[in-house]
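Here's query_3.txt, which has compact mmCIF, C-alpha atoms:
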# COMPACT_ATOMS: atom_id res chain seq x y z
CA MET V 1 -118.47 -139.92 -170.67
CA PRO V 2 -115.00 -141.28 -171.42
CA LYS V 3 -113.60 -143.63 -168.80
CA ARG V 4 -110.42 -142.41 -167.13
CA ILE V 5 -107.90 -145.22 -167.30
CA LEU V 6 -104.44 -145.20 -165.72
CA LEU V 7 -101.85 -147.32 -167.52
CA THR V 8 -98.45 -148.21 -166.13
CA GLY V 9 -95.67 -149.77 -168.17
CA THR V 10 -93.38 -148.37 -170.80
CA LEU V 11 -93.12 -145.88 -173.61
CA ALA V 12 -90.66 -147.32 -176.11
CA ILE V 13 -89.06 -146.61 -179.43
CA ASP V 14 -89.35 -149.82 -181.45
CA TYR V 15 -87.24 -151.15 -184.27
CA VAL V 16 -89.29 -153.74 -186.13
CA GLY V 17 -87.70 -156.09 -188.65
CA GLU V 18 -89.26 -158.60 -191.02
CA TYR V 19 -87.53 -161.91 -191.72
CA PRO V 20 -88.76 -163.42 -195.01
CA GLY V 21 -88.09 -166.99 -193.88
CA THR V 22 -89.31 -168.95 -190.87
CA PHE V 23 -87.48 -169.14 -187.56
CA SER V 24 -88.36 -172.82 -187.19
CA ARG V 25 -86.29 -173.69 -190.26
CA LEU V 26 -83.12 -171.99 -189.08
CA PRO V 27 -80.18 -174.31 -188.32
CA LYS V 28 -80.33 -175.92 -184.89
CA HIS V 29 -77.26 -176.53 -182.76
CA ASP V 30 -76.09 -176.05 -179.20
CA GLY V 31 -76.39 -172.43 -178.18
CA ILE V 32 -77.67 -169.55 -180.27
CA ASN V 33 -75.30 -167.99 -182.75
CA LEU V 34 -77.29 -167.01 -185.81
CA SER V 35 -77.38 -164.19 -188.33
CA VAL V 36 -80.36 -163.55 -190.60
CA GLN V 37 -81.00 -161.12 -193.41
CA LEU V 38 -84.01 -158.89 -192.83
CA ALA V 39 -86.29 -157.86 -195.67
CA ARG V 40 -87.50 -154.72 -193.93
CA ILE V 41 -86.79 -152.54 -190.89
CA GLU V 42 -88.86 -149.69 -189.42
CA ARG V 43 -88.59 -147.31 -186.49
CA ARG V 44 -91.92 -146.96 -184.72
CA PHE V 45 -93.66 -145.47 -181.72
CA GLY V 46 -94.21 -148.26 -179.18
CA GLY V 47 -94.30 -149.45 -175.61
CA CYS V 48 -97.18 -151.66 -174.49
CA ALA V 49 -98.72 -149.01 -172.22
CA MET V 50 -98.71 -146.50 -175.07
CA ASN V 51 -100.03 -148.99 -177.63
CA ILE V 52 -102.98 -149.83 -175.39
CA ALA V 53 -103.56 -146.15 -174.62
CA TYR V 54 -103.70 -145.43 -178.37
CA THR V 55 -106.51 -147.95 -178.93
CA LEU V 56 -108.44 -146.78 -175.87
CA LYS V 57 -108.24 -143.17 -177.04
CA ALA V 58 -109.32 -144.17 -180.56
CA LEU V 59 -112.41 -145.81 -179.01
CA GLY V 60 -113.33 -142.66 -177.09
CA GLU V 61 -111.83 -143.33 -173.66
CA ALA V 62 -109.48 -141.10 -171.64
CA PRO V 63 -106.26 -143.06 -171.04
CA THR V 64 -103.40 -141.63 -168.98
CA PRO V 65 -100.10 -143.51 -169.30
CA PHE V 66 -97.70 -143.28 -166.35
CA VAL V 67 -94.26 -143.95 -167.84
CA PHE V 68 -90.61 -142.94 -167.56
CA VAL V 69 -88.73 -141.61 -170.58
CA GLY V 70 -85.12 -140.66 -171.15
CA LEU V 71 -83.50 -137.66 -172.76
CA ASP V 72 -84.02 -139.17 -176.20
CA PHE V 73 -87.78 -138.74 -175.90
CA ASP V 74 -87.90 -136.83 -179.13
CA GLN V 75 -90.29 -134.33 -180.55
CA ASP V 76 -91.59 -136.87 -183.07
CA TYR V 77 -93.13 -139.01 -180.34
CA ALA V 78 -94.36 -135.96 -178.43
CA ARG V 79 -96.04 -134.59 -181.56
CA HIS V 80 -97.61 -137.98 -182.23
CA LEU V 81 -99.17 -138.08 -178.75
CA ASP V 82 -100.37 -134.50 -179.09
CA ALA V 83 -101.94 -135.24 -182.49
CA HIS V 84 -103.98 -138.03 -180.94
CA ARG V 85 -104.74 -135.99 -177.82
CA ILE V 86 -103.32 -138.58 -175.45
CA ASP V 87 -102.81 -137.24 -171.92
CA VAL V 88 -99.07 -136.85 -171.22
CA SER V 89 -99.37 -135.66 -167.60
CA GLY V 90 -97.98 -139.03 -166.50
CA VAL V 91 -94.98 -139.00 -168.86
CA ASN V 92 -91.96 -138.53 -166.57
CA LEU V 93 -88.76 -137.22 -168.17
CA VAL V 94 -85.70 -138.34 -166.21
CA GLU V 95 -81.95 -137.80 -166.53
CA ALA V 96 -81.24 -141.00 -168.42
CA PRO V 97 -79.69 -141.12 -171.91
CA TYR V 98 -82.19 -143.54 -173.44
CA SER V 99 -85.89 -144.32 -173.21
CA SER V 100 -87.08 -147.92 -173.41
CA HIS V 101 -86.37 -149.62 -176.74
CA GLY V 102 -87.86 -152.70 -178.33
CA PHE V 103 -86.21 -154.79 -181.06
CA ILE V 104 -88.81 -157.02 -182.67
CA PHE V 105 -88.22 -159.54 -185.43
CA THR V 106 -91.14 -161.26 -187.18
CA ASP V 107 -91.00 -164.16 -189.65
CA ARG V 108 -93.46 -164.91 -192.44
CA GLU V 109 -95.51 -167.18 -190.11
CA GLN V 110 -95.93 -164.25 -187.67
CA ASN V 111 -93.62 -165.79 -185.07
CA GLN V 112 -91.73 -163.12 -183.19
CA PHE V 113 -88.50 -162.72 -181.27
CA THR V 114 -88.27 -159.62 -179.08
CA GLY V 115 -85.42 -157.98 -177.24
CA PHE V 116 -86.40 -155.22 -174.82
CA PHE V 117 -84.31 -152.57 -173.12
CA GLY V 118 -86.18 -151.14 -170.12
CA GLY V 119 -84.38 -147.79 -170.09
CA PRO V 120 -85.01 -145.49 -167.10
CA ALA V 121 -87.75 -147.76 -165.73
CA ALA V 122 -85.08 -150.09 -164.41
CA HIS V 123 -83.32 -147.37 -162.40
CA HIS V 124 -86.12 -145.37 -160.76
CA ASP V 125 -88.40 -146.23 -157.87
CA LEU V 126 -91.87 -146.25 -159.38
CA ALA V 127 -93.86 -146.37 -156.16
CA PRO V 128 -93.46 -142.84 -154.66
CA PRO V 129 -94.20 -140.82 -157.83
CA LEU V 130 -97.05 -143.13 -158.81
CA ARG V 131 -98.66 -142.83 -155.37
CA ARG V 132 -98.42 -139.03 -155.56
CA PHE V 133 -99.86 -139.05 -159.08
CA VAL V 134 -102.78 -141.29 -158.11
CA ALA V 135 -103.54 -139.21 -155.03
CA ASP V 136 -104.05 -136.09 -157.15
CA GLN V 137 -106.45 -137.61 -159.68
CA ARG V 138 -109.46 -139.89 -159.97
CA PHE V 139 -109.39 -142.93 -162.23
CA ASP V 140 -112.13 -145.37 -163.15
CA PHE V 141 -109.77 -148.25 -163.87
CA GLY V 142 -106.13 -149.21 -164.26
CA LEU V 143 -104.07 -151.47 -166.47
CA LEU V 144 -100.64 -152.83 -165.61
CA ALA V 145 -98.85 -153.22 -168.94
CA PRO V 146 -95.59 -155.22 -169.10
CA ASP V 147 -92.74 -153.74 -167.05
CA ILE V 148 -89.89 -154.95 -164.87
CA PRO V 149 -91.13 -157.09 -161.93
CA THR V 150 -90.47 -154.53 -159.18
CA ASN V 151 -92.44 -151.87 -161.05
CA MET V 152 -95.39 -154.13 -161.79
CA ILE V 153 -95.64 -155.21 -158.15
CA ALA V 154 -95.30 -151.61 -156.94
CA ALA V 155 -98.00 -150.47 -159.39
CA ALA V 156 -100.36 -153.23 -158.27
CA GLU V 157 -99.84 -152.26 -154.62
CA ALA V 158 -100.39 -148.55 -155.39
CA MET V 159 -103.62 -149.21 -157.28
CA ARG V 160 -104.97 -151.48 -154.58
CA GLU V 161 -104.19 -148.86 -151.93
CA ALA V 162 -105.95 -146.21 -154.02
CA GLY V 163 -108.97 -148.47 -154.61
CA ILE V 164 -108.51 -148.52 -158.40
CA PRO V 165 -109.64 -151.81 -159.98
CA PHE V 166 -107.15 -152.99 -162.59
CA LEU V 167 -106.28 -155.59 -165.21
CA THR V 168 -102.79 -157.12 -165.07
CA ASP V 169 -100.86 -157.83 -168.29
CA PRO V 170 -97.36 -159.14 -167.43
CA GLY V 171 -96.64 -159.99 -171.08
CA GLN V 172 -93.13 -160.67 -172.31
CA ASN V 173 -91.65 -159.42 -169.02
CA LEU V 174 -92.66 -162.69 -167.38
CA THR V 175 -89.23 -164.00 -168.36
CA ASP V 176 -87.77 -161.61 -165.74
CA PHE V 177 -89.99 -162.85 -162.89
CA ASP V 178 -88.98 -165.50 -160.38
CA ALA V 179 -91.59 -167.71 -158.72
CA SER V 180 -91.87 -165.49 -155.64
CA GLY V 181 -92.45 -162.32 -157.66
CA ALA V 182 -94.94 -164.00 -159.96
CA ARG V 183 -96.98 -165.33 -157.04
CA GLN V 184 -96.90 -161.90 -155.42
CA LEU V 185 -98.18 -160.19 -158.57
CA VAL V 186 -100.91 -162.81 -159.06
CA GLY V 187 -101.93 -162.42 -155.41
CA LEU V 188 -102.34 -158.66 -155.83
CA SER V 189 -104.39 -159.08 -159.03
CA HIS V 190 -108.05 -159.91 -159.62
CA ALA V 191 -107.82 -160.30 -163.41
CA ILE V 192 -104.91 -161.21 -165.68
CA VAL V 193 -104.55 -161.34 -169.47
CA VAL V 194 -101.73 -163.27 -171.19
CA ASN V 195 -101.12 -165.11 -174.43
CA GLU V 196 -100.85 -168.89 -174.43
CA TYR V 197 -97.05 -168.94 -174.20
CA GLU V 198 -97.06 -166.44 -171.35
CA HIS V 199 -99.75 -168.50 -169.64
CA ASP V 200 -97.49 -171.56 -169.67
CA THR V 201 -94.69 -169.50 -168.12
CA LEU V 202 -96.97 -167.95 -165.52
CA ARG V 203 -98.47 -171.33 -164.60
CA THR V 204 -94.98 -172.73 -164.08
CA LEU V 205 -94.00 -169.79 -161.87
CA ALA V 206 -97.21 -169.18 -159.91
CA GLY V 207 -98.82 -172.62 -159.96
CA ASP V 208 -102.27 -172.93 -158.45
CA ALA V 209 -102.28 -169.26 -157.39
CA LEU V 210 -103.80 -168.62 -160.83
CA ASP V 211 -106.88 -170.56 -159.78
CA ASP V 212 -107.73 -167.84 -157.24
CA LEU V 213 -108.10 -165.10 -159.86
CA ASP V 214 -111.55 -163.74 -160.59
CA LEU V 215 -110.70 -163.79 -164.31
CA LEU V 216 -107.92 -165.26 -166.44
CA LEU V 217 -107.90 -164.39 -170.16
CA VAL V 218 -105.64 -166.34 -172.51
CA THR V 219 -105.31 -165.14 -176.11
CA GLU V 220 -104.42 -167.82 -178.66
CA GLY V 221 -103.70 -165.85 -181.82
CA GLU V 222 -105.75 -166.90 -184.85
CA ARG V 223 -107.57 -169.51 -182.70
CA GLY V 224 -109.17 -166.79 -180.59
CA THR V 225 -109.35 -166.33 -176.81
CA ARG V 226 -110.37 -168.49 -173.88
CA TRP V 227 -111.15 -167.41 -170.36
CA VAL V 228 -111.75 -168.84 -166.90
CA SER V 229 -113.98 -166.83 -164.58
CA ARG V 230 -114.96 -167.36 -160.94
CA THR V 231 -117.84 -164.88 -161.16
CA SER V 232 -119.47 -165.83 -164.47
CA GLU V 233 -119.40 -168.52 -167.12
CA SER V 234 -116.02 -169.54 -168.53
CA GLY V 235 -115.65 -170.04 -172.28
CA ARG V 236 -113.83 -169.29 -175.51
CA GLU V 237 -114.40 -167.21 -178.63
CA HIS V 238 -112.80 -167.46 -182.04
CA ALA V 239 -110.82 -164.61 -183.55
CA ALA V 240 -112.35 -161.91 -185.73
CA PRO V 241 -111.55 -162.26 -189.46
CA ALA V 242 -108.52 -160.27 -190.56
CA SER V 243 -106.08 -159.93 -193.44
CA VAL V 244 -102.69 -160.12 -191.76
CA VAL V 245 -100.30 -157.31 -192.64
CA ASP V 246 -98.33 -156.88 -189.40
CA SER V 247 -98.90 -158.83 -186.19
CA THR V 248 -96.79 -156.54 -184.00
CA GLY V 249 -98.95 -154.94 -181.32
CA CYS V 250 -102.16 -156.85 -182.07
CA GLY V 251 -102.16 -158.19 -178.49
CA ASP V 252 -102.03 -154.64 -177.15
CA ALA V 253 -104.90 -153.67 -179.47
CA PHE V 254 -106.90 -156.63 -178.14
CA ARG V 255 -106.42 -155.38 -174.59
CA GLY V 256 -107.61 -151.90 -175.54
CA GLY V 257 -110.77 -153.19 -177.22
CA TYR V 258 -111.52 -155.65 -174.44
CA LEU V 259 -111.10 -153.04 -171.73
CA HIS V 260 -113.21 -150.46 -173.57
CA ALA V 261 -116.14 -152.87 -173.87
CA SER V 262 -115.76 -154.24 -170.34
CA LEU V 263 -115.83 -150.77 -168.79
CA ARG V 264 -118.98 -150.02 -170.80
CA GLY V 265 -120.80 -152.94 -169.17
CA ALA V 266 -120.22 -155.68 -171.72
CA ASP V 267 -120.14 -159.30 -170.55
CA ILE V 268 -116.87 -161.20 -170.95
CA ARG V 269 -117.77 -162.76 -174.31
CA SER V 270 -118.80 -159.44 -175.84
CA ALA V 271 -115.68 -157.76 -174.45
CA VAL V 272 -113.50 -160.54 -175.89
CA ARG V 273 -115.24 -160.04 -179.24
CA ALA V 274 -114.47 -156.31 -179.03
CA GLY V 275 -110.83 -157.13 -178.36
CA GLY V 276 -110.87 -159.44 -181.36
CA VAL V 277 -112.09 -156.61 -183.57
CA THR V 278 -109.42 -154.13 -182.47
CA ALA V 279 -106.77 -156.86 -182.82
CA ALA V 280 -107.97 -157.42 -186.39
CA LEU V 281 -107.78 -153.69 -187.15
CA ALA V 282 -104.20 -153.64 -185.85
CA LEU V 283 -103.28 -156.79 -187.80
CA GLU V 284 -104.33 -155.07 -191.01
CA THR V 285 -102.15 -152.00 -190.37
CA ARG V 286 -98.40 -151.55 -190.17
CA GLY V 287 -97.29 -150.23 -186.81
CA THR V 288 -98.75 -150.48 -183.33
CA GLN V 289 -100.25 -146.98 -183.19
CA ASN V 290 -101.62 -146.47 -186.68
CA HIS V 291 -104.88 -148.44 -186.89
CA ASP V 292 -108.15 -146.60 -187.37
CA CYS V 293 -111.04 -147.52 -185.05
CA ARG V 294 -113.73 -145.40 -186.68
CA ASP V 295 -115.16 -148.53 -188.35
CA PHE V 296 -115.13 -150.47 -185.09
CA ALA V 297 -118.93 -150.89 -184.84
CA ALA V 298 -119.24 -151.98 -188.48
CA ARG V 299 -116.41 -154.50 -188.08
CA TYR V 300 -117.99 -155.82 -184.89
CA ARG V 301 -121.29 -156.25 -186.71
CA ALA V 302 -119.61 -157.98 -189.66
CA ALA V 303 -117.74 -160.38 -187.37
CA TRP V 304 -120.50 -161.25 -184.90
CA GLY V 305 -123.77 -160.46 -186.65
CA ASP V 306 -125.05 -157.78 -184.28
CA ASP V 307 -124.15 -154.33 -182.98
CA PRO V 308 -121.89 -153.88 -179.93
CA PRO V 309 -124.47 -154.43 -177.15
CA TRP V 310 -123.01 -151.83 -174.78
CA ARG V 311 -123.34 -149.13 -177.44
CA GLU V 312 -127.07 -149.79 -177.71
CA SER V 313 -127.50 -148.82 -174.06
CA GLU V 314 -125.42 -145.66 -174.25
Can you dump the structure from the file as structure tokens?
Amino acid sequence: MPKRILLTGTLAIDYVGEYPGTFSRLPKHDGINLSVQLARIERRFGGCAMNIAYTLKALGEAPTPFVFVGLDFDQDYARHLDAHRIDVSGVNLVEAPYSSHGFIFTDREQNQFTGFFGGPAAHHDLAPPLRRFVADQRFDFGLLAPDIPTNMIAAAEAMREAGIPFLTDPGQNLTDFDASGARQLVGLSHAIVVNEYEHDTLRTLAGDALDDLDLLLVTEGERGTRWVSRTSESGREHAAPASVVDSTGCGDAFRGGYLHASLRGADIRSAVRAGGVTAALALETRGTQNHDCRDFAARYRAAWGDDPPWRESE
């Protein structure tokens, strides 16, 4: 049976641009006052919660995003969600002119600079509607995708009160946290996933509070993923082979693959391998909600030499 997974975070309309040069070679001086010529620009369906939900649905799970959208939530996005049969019962339309927007610029070395507008999420109290929503339904697991600090803390408190185990993914929104908020979020969490740059930021903000987590996952791009666990063996795994087309959203795809395998009983290493496979599938596809997971088992076998172990027991 599909696992019912509640995701909090954002639904966003993304504008993704490609810079043909490298950011590291741009002129350096005091302050930032630069203009670059983009080789390509695209409008895409995005938002970390929705990107992760897309991968989970493609792998056969039953994700339910809980997000706020503005009056510009257009029929294109709604039709896209309907086409992929993603549950929209948690999509909350509010009287705000704009939904969340992401502006993402990637250079030829796959470095990225992102600007994010939180939209209605920044102006609505998440806790009351989320508590009502959770009370009316049963979920197997939760995932806190990147959001403003007050919303992430409120979501963590609501899930703990409801007894829903969850994975925390503060992501790029860590730049909005102060030390107190970061320590509070870490204290409410049992497991956290970040990339290596976010890990440095979170370590600076939360300090040794990270050492009390049951699980800390740190993705390192093409070098793979490492983890520290208090309940099982710590370790690292290299990345799955991929031909890089577009790196935008591959971290979200990793989280979807990891969570799918973990909820099916996989150990941490196997779940990390699953995340590596879905990240590779996303890397080879333009857009964050376009990759095809029907070849997931074959790609897992090609990367690791055996079938996904949790699928053998199903």
key: Test item: residues at most 10 Å from region 204-216 of chain V, all atoms listed in the file, excluding those fewer than 6 positions along its chain, as number ranges by chain   = V: 167-168, 174-175, 177-194, 198, 226-232, 234, 268
Selection above as a file: C-alpha atoms, as a PDB file, in the coordinates of the input:
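out.pdb written:
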ATOM      1  CA  LEU V 167    -106.280-155.590-165.210  1.00  0.00           C
ATOM      2  CA  THR V 168    -102.790-157.120-165.070  1.00  0.00           C
ATOM      3  CA  LEU V 174     -92.660-162.690-167.380  1.00  0.00           C
ATOM      4  CA  THR V 175     -89.230-164.000-168.360  1.00  0.00           C
ATOM      5  CA  PHE V 177     -89.990-162.850-162.890  1.00  0.00           C
ATOM      6  CA  ASP V 178     -88.980-165.500-160.380  1.00  0.00           C
ATOM      7  CA  ALA V 179     -91.590-167.710-158.720  1.00  0.00           C
ATOM      8  CA  SER V 180     -91.870-165.490-155.640  1.00  0.00           C
ATOM      9  CA  GLY V 181     -92.450-162.320-157.660  1.00  0.00           C
ATOM     10  CA  ALA V 182     -94.940-164.000-159.960  1.00  0.00           C
ATOM     11  CA  ARG V 183     -96.980-165.330-157.040  1.00  0.00           C
ATOM     12  CA  GLN V 184     -96.900-161.900-155.420  1.00  0.00           C
ATOM     13  CA  LEU V 185     -98.180-160.190-158.570  1.00  0.00           C
ATOM     14  CA  VAL V 186    -100.910-162.810-159.060  1.00  0.00           C
ATOM     15  CA  GLY V 187    -101.930-162.420-155.410  1.00  0.00           C
ATOM     16  CA  LEU V 188    -102.340-158.660-155.830  1.00  0.00           C
ATOM     17  CA  SER V 189    -104.390-159.080-159.030  1.00  0.00           C
ATOM     18  CA  HIS V 190    -108.050-159.910-159.620  1.00  0.00           C
ATOM     19  CA  ALA V 191    -107.820-160.300-163.410  1.00  0.00           C
ATOM     20  CA  ILE V 192    -104.910-161.210-165.680  1.00  0.00           C
ATOM     21  CA  VAL V 193    -104.550-161.340-169.470  1.00  0.00           C
ATOM     22  CA  VAL V 194    -101.730-163.270-171.190  1.00  0.00           C
ATOM     23  CA  GLU V 198     -97.060-166.440-171.350  1.00  0.00           C
ATOM     24  CA  ARG V 226    -110.370-168.490-173.880  1.00  0.00           C
ATOM     25  CA  TRP V 227    -111.150-167.410-170.360  1.00  0.00           C
ATOM     26  CA  VAL V 228    -111.750-168.840-166.900  1.00  0.00           C
ATOM     27  CA  SER V 229    -113.980-166.830-164.580  1.00  0.00           C
ATOM     28  CA  ARG V 230    -114.960-167.360-160.940  1.00  0.00           C
ATOM     29  CA  THR V 231    -117.840-164.880-161.160  1.00  0.00           C
ATOM     30  CA  SER V 232    -119.470-165.830-164.470  1.00  0.00           C
ATOM     31  CA  SER V 234    -116.020-169.540-168.530  1.00  0.00           C
ATOM     32  CA  ILE V 268    -116.870-161.200-170.950  1.00  0.00           C
TER      33      ILE V 268
END
Near region 98-113 of chain V, 6 Å: region 2-31 of chain V residue rows, closest pairs, all atoms listed in the file, as a tab-separated table:
residue	atom	partner	partner_atom	distance
V:Ala12	CA	V:Ser100	CA	4.5
V:Ile13	CA	V:His101	CA	4.9
V:Asp14	CA	V:Gly102	CA	4.5
V:Tyr15	CA	V:Phe103	CA	5.0
V:Val16	CA	V:Ile104	CA	4.8
V:Gly17	CA	V:Phe105	CA	4.7
V:Glu18	CA	V:Thr106	CA	5.0
V:Tyr19	CA	V:Asp107	CA	4.6
V:Pro20	CA	V:Arg108	CA	5.6
V:Gly21	CA	V:Asp107	CA	5.9
V:Thr22	CA	V:Asp107	CA	5.2
request  = Please measure the separation of CA of Asp147 (chain V) and CA of Glu220 (chain V), giving the value in Å to one decimal.
outcome  =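 Atom-to-atom, CA of Asp147 (chain V) to CA of Glu220 (chain V), that is 21.7 Å.
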key: Nearest-residue call for Val67 (chain V), choices V:Arg43, V:Ile86, V:Gly115, V:Thr10, using only C-alpha atoms   =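 Using only C-alpha atoms, the shortest distance to Val67 (chain V) belongs to V:Thr10.
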message = Taking 3 positions as the minimum chain separation for residues in the same chain, which residues sit within 12 Å of region 154-166 of chain V when counting all atoms listed in the file? Answer as a PyMOL selection string.
response = chain V and resi 4-9+66-67+124-151+169-170+181+184-193+214-215+259+262-263
query = Could you name the residues that touch Glu95 (chain V) at 12 Å or less, counting only C-alpha atoms, but leaving out those on the same chain fewer than 5 positions away, as a PyMOL selection string?
reply = chain V and resi 68-73+119-121+123-124
Test item: which residues lie within 7 Å of (-101.6, -156.2, -191.1) counting all atoms listed in the file, as a PDB file with C-alpha atoms, keeping the file's coordinate frame:
ATOM      1  CA  SER V 243    -106.080-159.930-193.440  1.00  0.00           C
ATOM      2  CA  VAL V 244    -102.690-160.120-191.760  1.00  0.00           C
ATOM      3  CA  VAL V 245    -100.300-157.310-192.640  1.00  0.00           C
ATOM      4  CA  ASP V 246     -98.330-156.880-189.400  1.00  0.00           C
ATOM      5  CA  SER V 247     -98.900-158.830-186.190  1.00  0.00           C
ATOM      6  CA  ALA V 282    -104.200-153.640-185.850  1.00  0.00           C
ATOM      7  CA  LEU V 283    -103.280-156.790-187.800  1.00  0.00           C
ATOM      8  CA  GLU V 284    -104.330-155.070-191.010  1.00  0.00           C
ATOM      9  CA  THR V 285    -102.150-152.000-190.370  1.00  0.00           C
ATOM     10  CA  ARG V 286     -98.400-151.550-190.170  1.00  0.00           C
TER      11      ARG V 286
END
Take the point (-112.0, -146.4, -177.2) as written in the file and pick out every residue within 12 Å of it, counting all atoms listed in the file; give the list as a PDB file with C-alpha atoms, in the coordinates of the input.
ATOM      1  CA  MET V   1    -118.470-139.920-170.670  1.00  0.00           C
ATOM      2  CA  PRO V   2    -115.000-141.280-171.420  1.00  0.00           C
ATOM      3  CA  LYS V   3    -113.600-143.630-168.800  1.00  0.00           C
ATOM      4  CA  ARG V   4    -110.420-142.410-167.130  1.00  0.00           C
ATOM      5  CA  ILE V   5    -107.900-145.220-167.300  1.00  0.00           C
ATOM      6  CA  ILE V  52    -102.980-149.830-175.390  1.00  0.00           C
ATOM      7  CA  ALA V  53    -103.560-146.150-174.620  1.00  0.00           C
ATOM      8  CA  TYR V  54    -103.700-145.430-178.370  1.00  0.00           C
ATOM      9  CA  THR V  55    -106.510-147.950-178.930  1.00  0.00           C
ATOM     10  CA  LEU V  56    -108.440-146.780-175.870  1.00  0.00           C
ATOM     11  CA  LYS V  57    -108.240-143.170-177.040  1.00  0.00           C
ATOM     12  CA  ALA V  58    -109.320-144.170-180.560  1.00  0.00           C
ATOM     13  CA  LEU V  59    -112.410-145.810-179.010  1.00  0.00           C
ATOM     14  CA  GLY V  60    -113.330-142.660-177.090  1.00  0.00           C
ATOM     15  CA  GLU V  61    -111.830-143.330-173.660  1.00  0.00           C
ATOM     16  CA  ALA V  62    -109.480-141.100-171.640  1.00  0.00           C
ATOM     17  CA  PRO V  63    -106.260-143.060-171.040  1.00  0.00           C
ATOM     18  CA  ILE V  86    -103.320-138.580-175.450  1.00  0.00           C
ATOM     19  CA  ALA V 253    -104.900-153.670-179.470  1.00  0.00           C
ATOM     20  CA  PHE V 254    -106.900-156.630-178.140  1.00  0.00           C
ATOM     21  CA  ARG V 255    -106.420-155.380-174.590  1.00  0.00           C
ATOM     22  CA  GLY V 256    -107.610-151.900-175.540  1.00  0.00           C
ATOM     23  CA  GLY V 257    -110.770-153.190-177.220  1.00  0.00           C
ATOM     24  CA  TYR V 258    -111.520-155.650-174.440  1.00  0.00           C
ATOM     25  CA  LEU V 259    -111.100-153.040-171.730  1.00  0.00           C
ATOM     26  CA  HIS V 260    -113.210-150.460-173.570  1.00  0.00           C
ATOM     27  CA  ALA V 261    -116.140-152.870-173.870  1.00  0.00           C
ATOM     28  CA  SER V 262    -115.760-154.240-170.340  1.00  0.00           C
ATOM     29  CA  LEU V 263    -115.830-150.770-168.790  1.00  0.00           C
ATOM     30  CA  ARG V 264    -118.980-150.020-170.800  1.00  0.00           C
ATOM     31  CA  ALA V 274    -114.470-156.310-179.030  1.00  0.00           C
ATOM     32  CA  GLY V 275    -110.830-157.130-178.360  1.00  0.00           C
ATOM     33  CA  THR V 278    -109.420-154.130-182.470  1.00  0.00           C
ATOM     34  CA  ASP V 292    -108.150-146.600-187.370  1.00  0.00           C
ATOM     35  CA  CYS V 293    -111.040-147.520-185.050  1.00  0.00           C
ATOM     36  CA  ARG V 294    -113.730-145.400-186.680  1.00  0.00           C
ATOM     37  CA  ASP V 295    -115.160-148.530-188.350  1.00  0.00           C
ATOM     38  CA  PHE V 296    -115.130-150.470-185.090  1.00  0.00           C
ATOM     39  CA  ALA V 297    -118.930-150.890-184.840  1.00  0.00           C
ATOM     40  CA  ARG V 311    -123.340-149.130-177.440  1.00  0.00           C
TER      41      ARG V 311
END
ask   = So what do you get for CA of Arg223 (chain V) versus CA of Ala242 (chain V), distance-wise?
value =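 Separating CA of Arg223 (chain V) from CA of Ala242 (chain V) is a distance of 12.2 Å.
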ask   = Could you pull the residues within 10 Å of Glu196 (chain V), counting only C-alpha atoms, minus those fewer than 6 positions along the same chain, as a list of chain:residue names?
value =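 Those residues are V:Leu202, V:Leu217, V:Val218, V:Thr219, V:Glu220, V:Gly221, V:Thr225, V:Arg226.
The spacing separating CA of Gly46 (chain V) from CA of Cys250 (chain V) amounts to 12.1 Å.
Residue nearest Ala49 (chain V), chosen from V:Gln172, V:Thr64, V:Asn290, V:Asn195 and counting all atoms listed in the file: V:Thr64.
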Distance criterion (all atoms listed in the file): nearest to Arg301 (chain V) out of V:Ala39, V:Val272, V:Met152, V:Ala240 = V:Ala240
